[in-house]
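A short write-up of the structure that comes next.
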Amino acid sequence: MTEQTISQIDTDIEDEVIPEGRWSIKDSIAPLLTFAVLLLIWEGCAIYLAIPTWLLPAPSEIAKAFIEWHGELWRHTLVTLWETLAGFALAIALAIPLAVLVVYSPFLRKCIYPLLLGLQSVPKVAIAPLLALWIGFGVLPKILVVFLVCFFPIVVATATGLSSVQPAVMDLIRSLSANQLQTFVKIRFPTAMPHIFVGLKIAITFAVIGAVIGEFVGAESGLGYLILASSSQARTPVAFAALVVLTIMSIVLYYAMEFIEKLAVPWAVGE
């Protein structure tokens, strides 16, 4: 089987993917205006109704907390970000190879898939205290919680992508006497890449949640710890500031993954 023939098959597969529409800055105007209006309503209600700051701080109080606590917020953000990225990377390193094994081995698919479904159905909030009990209150239990949260979406997305090659393409590649490695490298994996990135984008948003869950159970640093400590001391504006940072972190990580997707699979993403 020649490289030219395989390259032609790759091109045919890429041409079948429908590109998405372009994004423009005008698309952000409406949601930004809506967000600004909601902030103004929130600020007005907090002032007009004289809501105590410890109960529901106004956006201006949250902004003030950002300025006064920027050092602490940055320090705790770095901890949560490290836990998130480390657990996410570990999930990628184990989930994608396992998905390949599951697709290529019917025996493993029958043995492992039910276990994965069972593991996914267990609430991660229930697992986090056990990890803290077994491993301690360091960074490792948080990384493992992130790993558990991210693992299943990546496995399912990768296995789905690897199995989504059209039968006609597989028949063609077999007729050209391609071996399993050539089929995987030239056909299965490129076809699976868009599916894999769907799983990665879902997992990266779950990763932040997993890190916070781990910090809620037991931690001495991180944004989850800061939220708990601030709430217990009635420093609600600081807790809200940490929530805002978590939201921004999730959004930035999601769009970073989307940017990587555009670089890795440009044929599947609209320019």
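By convention here, the chains of the structure tokens are called A, B, ... in the order presented, each chain's residues are numbered starting at 1, and ligands are numbered starting at 1 in the order presented.
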
Select from range 166-270 of chain A everything DSSP, run on the backbone, classes as alpha helix (DSSP H), then give the selection as a VMD selection string. chain A and resid 167 to 175 180 to 183 189 to 217 223 to 232 236 to 264

May I ask for the distance between CA of Leu133 in chain A and CA of Met249 in chain A, given in Å to one decimal place?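 Calculated distance between CA of Leu133 in chain A and CA of Met249 in chain A is 28.2 Å.
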
Any idea what's packed within 7 Å of Ala192 in chain A, counting only C-alpha atoms, ignoring anything in its chain fewer than 6 positions away? Could you give it as a ChimeraX atom specification? /A:158,161-162

Quick one: write out the picked residues with C-alpha atoms as a PDB file, in the first residue's frame?
```
ATOM      1  CA  THR A 158     -12.095   8.298  22.102  1.00  0.00           C
ATOM      2  CA  GLY A 161     -14.324   8.226  17.524  1.00  0.00           C
ATOM      3  CA  LEU A 162     -12.188   5.177  16.841  1.00  0.00           C
TER       4      LEU A 162
END
```

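Taking CA of Ala203 in chain A and CA of Val252 in chain A as the two end points, the separation is 13.6 Å.
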
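Contact shell of range 78-87 of chain A at 7 Å (only C-alpha atoms; same-chain neighbours under 3 positions omitted): Trp74, Arg75, Leu90, Ala91, Val139, Lys142, Ile143, Leu144, Val146, Phe147, Ala207, Val208, Ala211, Ser221, Gly222 and Leu223 of chain A.
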
Could you tell me how far CA of Lys186 in chain A sits from CA of Pro97 in chain A, in Å to one decimal place?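 Result for CA of Pro97 in chain A versus CA of Lys186 in chain A: 16.9 Å, one decimal.
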
Using only C-alpha atoms, find each residue of range 165-243 of chain A with at least one atom at most 6 Å away from an atom of range 38-59 of chain A; report its shortest atom-to-atom pair and that distance in Å (one decimal), sort the rows by chain and rising residue number, and return the result as a Markdown table.
```
| residue | atom | partner | partner_atom | distance |
| --- | --- | --- | --- | --- |
| A:Ala234 | CA | A:Trp54 | CA | 5.4 |
| A:Thr236 | CA | A:Trp54 | CA | 5.2 |
| A:Pro237 | CA | A:Pro57 | CA | 5.7 |
```

Hey, could you make a per-residue contact list for range 97-208 of chain A against range 255-262 of chain A with 8 Å as the cut-off, showing the nearest pair of atoms and its distance in Å to one decimal, counting only C-alpha atoms, sorted by chain and number, as CSV?
```
residue,atom,partner,partner_atom,distance
A:Pro194,CA,A:Glu261,CA,7.9
A:Phe197,CA,A:Glu261,CA,6.5
A:Leu200,CA,A:Met257,CA,7.4
A:Lys201,CA,A:Met257,CA,6.2
A:Ile204,CA,A:Met257,CA,8.0
```

Could you save those same residues with N, CA and C atoms as a PDB file, in the first residue's frame?
```pdb
ATOM      1  N   PRO A 194     -11.667  14.614  16.125  1.00  0.00           N
ATOM      2  CA  PRO A 194     -12.736  15.532  16.536  1.00  0.00           C
ATOM      3  C   PRO A 194     -13.530  15.023  17.729  1.00  0.00           C
ATOM      4  N   PHE A 197     -11.487  15.482  20.952  1.00  0.00           N
ATOM      5  CA  PHE A 197     -11.481  16.850  21.467  1.00  0.00           C
ATOM      6  C   PHE A 197     -12.821  17.248  22.071  1.00  0.00           C
ATOM      7  N   LEU A 200     -12.334  15.958  25.453  1.00  0.00           N
ATOM      8  CA  LEU A 200     -11.363  16.776  26.186  1.00  0.00           C
ATOM      9  C   LEU A 200     -11.976  18.088  26.645  1.00  0.00           C
ATOM     10  N   LYS A 201     -12.793  18.703  25.799  1.00  0.00           N
ATOM     11  CA  LYS A 201     -13.412  19.981  26.181  1.00  0.00           C
ATOM     12  C   LYS A 201     -14.431  19.793  27.298  1.00  0.00           C
ATOM     13  N   ILE A 204     -12.206  19.057  30.547  1.00  0.00           N
ATOM     14  CA  ILE A 204     -11.450  20.163  31.138  1.00  0.00           C
ATOM     15  C   ILE A 204     -12.336  21.039  32.008  1.00  0.00           C
TER      16      ILE A 204
END
```

Top pick for closest residue to Val245 in chain A, considering A:Ser28, A:Ser60, A:Val149, A:His70 and counting only C-alpha atoms: A:His70

Quick one: residues within 7 Å of Val155 in chain A, only C-alpha atoms, excluding same-chain residues fewer than 6 positions away - as a PDB file with N, CA and C atoms, in the first residue's frame?
```pdb
ATOM      1  N   ALA A  95      -6.552   7.373  29.668  1.00  0.00           N
ATOM      2  CA  ALA A  95      -7.857   7.130  29.041  1.00  0.00           C
ATOM      3  C   ALA A  95      -7.736   6.806  27.559  1.00  0.00           C
ATOM      4  N   ILE A  96      -6.893   7.540  26.828  1.00  0.00           N
ATOM      5  CA  ILE A  96      -6.797   7.314  25.381  1.00  0.00           C
ATOM      6  C   ILE A  96      -6.215   5.934  25.062  1.00  0.00           C
ATOM      7  N   ALA A  99      -8.894   3.387  25.751  1.00  0.00           N
ATOM      8  CA  ALA A  99      -9.941   3.396  24.729  1.00  0.00           C
ATOM      9  C   ALA A  99      -9.493   2.638  23.486  1.00  0.00           C
TER      10      ALA A  99
END
```
